[in-house]
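Visitor: Here it is: the structure, laid out below.
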Amino acid sequence: VSFERLRDPEAIAFWPSGIGRDGARTPMPWQRDANMAGFTEAPDAWLPLDPRHRALAVDTQSSDDSMLSFTRAMIALRRASPALREGEFVSLDAPEPVLAFERRTDDERVLCLFNLGPEPVKRPASGGPVRLAVGQAELGTAAASLGGYSALFIAG
């Protein structure tokens, strides 16, 4: 956001060394080809629309690998799972770069595995079915295979 369009008092006070919050407050692009990307019918908004964001508009994100599809899948998984919404958090031992924990209620258990590194890893795991796989991740008969920066949510 150019200095002339800044609205965040902190960003203005510490210009140019402060990053401020305005960059994260720019309009949500809903329609790639609409005025202001469908955010408003007005000719302009409180903060400018970054032209690079038009390509990320909601109406362009129809594929299963889009951030929008991922976000919808995560929200649906959480809504459908009492353990993920309100269950107890149980940390599990795992070697770096794996993050492993369970969310548990009396009626449900969800094993959550995350590979936070770039190299594929395997981790002992059981249960099933897989509720959600992110990236190149799958559950075998006795282990989970997690590609770089991937995750698995497994019902137990």
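By order of appearance in the structure tokens: chains A, B, ..., then residues from 1 within every chain, and ligands from 1 in the order shown.
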List every residue of range 38-125 of chain A that has an atom at most 7 Å from any atom of range 137-151 of chain A, and for each one report the closest atom pair and its distance in Å to one decimal, counting only C-alpha atoms, with rows sorted by chain and then by increasing residue number, as a Markdown table.

Guide:
| residue | atom | partner | partner_atom | distance |
| --- | --- | --- | --- | --- |
| A:Leu113 | CA | A:Ala151 | CA | 5.4 |
| A:Phe114 | CA | A:Ala151 | CA | 4.3 |
| A:Asn115 | CA | A:Tyr149 | CA | 5.1 |
| A:Leu116 | CA | A:Tyr149 | CA | 5.1 |
| A:Gly117 | CA | A:Gly148 | CA | 5.6 |
| A:Pro118 | CA | A:Gly148 | CA | 4.0 |
| A:Glu119 | CA | A:Gly148 | CA | 4.8 |
| A:Pro120 | CA | A:Gly147 | CA | 4.1 |
| A:Val121 | CA | A:Leu146 | CA | 5.3 |
| A:Lys122 | CA | A:Ser145 | CA | 4.6 |
| A:Arg123 | CA | A:Ala144 | CA | 5.3 |
| A:Pro124 | CA | A:Ala143 | CA | 4.1 |
| A:Ala125 | CA | A:Ala143 | CA | 4.5 |

Visitor: Pick out the residues sitting within 9 Å of Ala57 in chain A, and hand them over as a list in words; count only C-alpha atoms, and ignore anything fewer than 2 positions along from it in its own chain.

Guide: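 The filter keeps Met28, Pro29, Trp30, Gln31, Arg32, Ala37, Gly38, His53, Arg54, Ala55, Asp59, Thr60 and Gln61 of chain A.
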
Visitor: Out of A:Asn35, A:Met74, A:Ser81, A:Phe3, which residue has the shortest atom-to-atom distance to Gly20 in chain A when counting only C-alpha atoms?

Guide: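 Nearest candidate to Gly20 in chain A out of A:Asn35, A:Met74, A:Ser81, A:Phe3: A:Phe3.
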
Visitor: Write out as an MDAnalysis selection string the set of residues from chain A that DSSP, computed on the backbone, places in helix (DSSP H, G or I).

Guide: chainID A and resid 3:5 9:13 22:24 35:38 51:56 58:60 67:80 82:86

Visitor: Would you list the contacts of Thr26 in chain A as a list of chain:residue names, taking every protein, DNA or RNA residue within 10 Å and counting only C-alpha atoms, but skipping same-chain residues closer than 5 positions in sequence?

Guide: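 In the requested form, the answer reads A:Val1, A:Arg21, A:Phe39, A:Ala45, A:Trp46, A:Leu47, A:Pro48, A:Leu49, A:Asp50, A:His53.
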
Visitor: Using only C-alpha atoms, which protein or nucleic acid residues come within 8 Å of Ile154 in chain A? Drop anything in the same chain fewer than 5 positions from it, and give the result as a PDB file with N, CA and C atoms, in the first residue's frame.

Guide:
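Below is the file out_2.pdb, written as the result:
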ATOM      1  N   VAL A 110      -9.378 -38.021  17.002  1.00  0.00           N
ATOM      2  CA  VAL A 110      -8.811 -37.650  15.704  1.00  0.00           C
ATOM      3  C   VAL A 110      -7.310 -37.496  15.882  1.00  0.00           C
ATOM      4  N   LEU A 111      -6.556 -38.294  15.153  1.00  0.00           N
ATOM      5  CA  LEU A 111      -5.103 -38.198  15.131  1.00  0.00           C
ATOM      6  C   LEU A 111      -4.719 -37.171  14.071  1.00  0.00           C
ATOM      7  N   CYS A 112      -3.919 -36.187  14.464  1.00  0.00           N
ATOM      8  CA  CYS A 112      -3.511 -35.101  13.569  1.00  0.00           C
ATOM      9  C   CYS A 112      -2.001 -35.170  13.383  1.00  0.00           C
ATOM     10  N   GLY A 127      -5.588 -46.671  12.682  1.00  0.00           N
ATOM     11  CA  GLY A 127      -6.917 -46.079  12.755  1.00  0.00           C
ATOM     12  C   GLY A 127      -7.477 -45.920  11.363  1.00  0.00           C
ATOM     13  N   GLY A 128      -8.388 -45.054  11.256  1.00  0.00           N
ATOM     14  CA  GLY A 128      -8.993 -44.797   9.975  1.00  0.00           C
ATOM     15  C   GLY A 128     -10.484 -44.682  10.142  1.00  0.00           C
ATOM     16  N   PRO A 129     -11.115 -44.123   9.226  1.00  0.00           N
ATOM     17  CA  PRO A 129     -10.582 -43.689   7.934  1.00  0.00           C
ATOM     18  C   PRO A 129      -9.872 -42.337   8.031  1.00  0.00           C
ATOM     19  N   VAL A 130      -9.200 -42.003   6.937  1.00  0.00           N
ATOM     20  CA  VAL A 130      -8.600 -40.683   6.829  1.00  0.00           C
ATOM     21  C   VAL A 130      -9.726 -39.682   6.643  1.00  0.00           C
ATOM     22  N   ARG A 131      -9.787 -38.701   7.506  1.00  0.00           N
ATOM     23  CA  ARG A 131     -10.828 -37.667   7.425  1.00  0.00           C
ATOM     24  C   ARG A 131     -10.439 -36.589   6.428  1.00  0.00           C
ATOM     25  N   LEU A 132      -9.124 -36.272   6.372  1.00  0.00           N
ATOM     26  CA  LEU A 132      -8.635 -35.275   5.423  1.00  0.00           C
ATOM     27  C   LEU A 132      -7.146 -35.480   5.226  1.00  0.00           C
TER      28      LEU A 132
END

Visitor: Could you tell me how far CA of Phe14 in chain A lies from CA of Asp44 in chain A, in Å and to one decimal?

Guide: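 Between these atoms lies a distance of 25.5 Å.
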
Visitor: Could you pull out all residues of chain A with a DSSP call of strand (DSSP E or B) and give them as number ranges by chain?

Guide: A: 88-92, 98-104, 109-115, 121-124, 130-134, 137-139, 143-146, 151-155

Visitor: Go ahead and save the picked residues with C-alpha atoms, as a PDB file, in the first residue's frame.

Guide:
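The resulting part-v7.pdb:
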ATOM      1  CA  GLU A  88      -8.994 -32.588  24.767  1.00  0.00           C
ATOM      2  CA  PHE A  89      -5.591 -31.856  23.204  1.00  0.00           C
ATOM      3  CA  VAL A  90      -3.075 -34.681  23.715  1.00  0.00           C
ATOM      4  CA  SER A  91       0.462 -34.070  22.483  1.00  0.00           C
ATOM      5  CA  LEU A  92       2.225 -37.111  21.023  1.00  0.00           C
ATOM      6  CA  VAL A  98       6.666 -34.078  12.562  1.00  0.00           C
ATOM      7  CA  LEU A  99       4.005 -32.520  14.760  1.00  0.00           C
ATOM      8  CA  ALA A 100       1.621 -35.128  16.156  1.00  0.00           C
ATOM      9  CA  PHE A 101      -1.324 -34.798  18.491  1.00  0.00           C
ATOM     10  CA  GLU A 102      -4.768 -36.160  19.141  1.00  0.00           C
ATOM     11  CA  ARG A 103      -8.013 -34.388  19.842  1.00  0.00           C
ATOM     12  CA  ARG A 104     -10.301 -36.547  21.984  1.00  0.00           C
ATOM     13  CA  ARG A 109     -10.607 -39.451  18.557  1.00  0.00           C
ATOM     14  CA  VAL A 110      -8.811 -37.650  15.704  1.00  0.00           C
ATOM     15  CA  LEU A 111      -5.103 -38.198  15.131  1.00  0.00           C
ATOM     16  CA  CYS A 112      -3.511 -35.101  13.569  1.00  0.00           C
ATOM     17  CA  LEU A 113      -0.148 -35.501  11.851  1.00  0.00           C
ATOM     18  CA  PHE A 114       1.812 -32.694  10.211  1.00  0.00           C
ATOM     19  CA  ASN A 115       5.111 -32.888   8.346  1.00  0.00           C
ATOM     20  CA  VAL A 121       8.629 -38.952   6.379  1.00  0.00           C
ATOM     21  CA  LYS A 122       6.895 -42.052   7.703  1.00  0.00           C
ATOM     22  CA  ARG A 123       5.369 -42.315  11.148  1.00  0.00           C
ATOM     23  CA  PRO A 124       3.673 -45.256  12.816  1.00  0.00           C
ATOM     24  CA  VAL A 130      -8.600 -40.683   6.829  1.00  0.00           C
ATOM     25  CA  ARG A 131     -10.828 -37.667   7.425  1.00  0.00           C
ATOM     26  CA  LEU A 132      -8.635 -35.275   5.423  1.00  0.00           C
ATOM     27  CA  ALA A 133      -5.297 -35.518   3.632  1.00  0.00           C
ATOM     28  CA  VAL A 134      -3.370 -32.365   2.815  1.00  0.00           C
ATOM     29  CA  ALA A 137      -0.112 -37.814   2.603  1.00  0.00           C
ATOM     30  CA  GLU A 138      -1.659 -41.229   3.033  1.00  0.00           C
ATOM     31  CA  LEU A 139      -2.316 -43.847   5.670  1.00  0.00           C
ATOM     32  CA  ALA A 143       2.230 -46.144   9.090  1.00  0.00           C
ATOM     33  CA  ALA A 144       1.423 -42.737   7.702  1.00  0.00           C
ATOM     34  CA  SER A 145       3.432 -41.469   4.750  1.00  0.00           C
ATOM     35  CA  LEU A 146       3.730 -37.705   4.844  1.00  0.00           C
ATOM     36  CA  ALA A 151      -0.868 -33.444   6.909  1.00  0.00           C
ATOM     37  CA  LEU A 152      -3.295 -36.210   7.798  1.00  0.00           C
ATOM     38  CA  PHE A 153      -6.375 -36.148  10.000  1.00  0.00           C
ATOM     39  CA  ILE A 154      -7.267 -39.721  10.923  1.00  0.00           C
ATOM     40  CA  ALA A 155     -10.373 -40.918  12.780  1.00  0.00           C
TER      41      ALA A 155
END
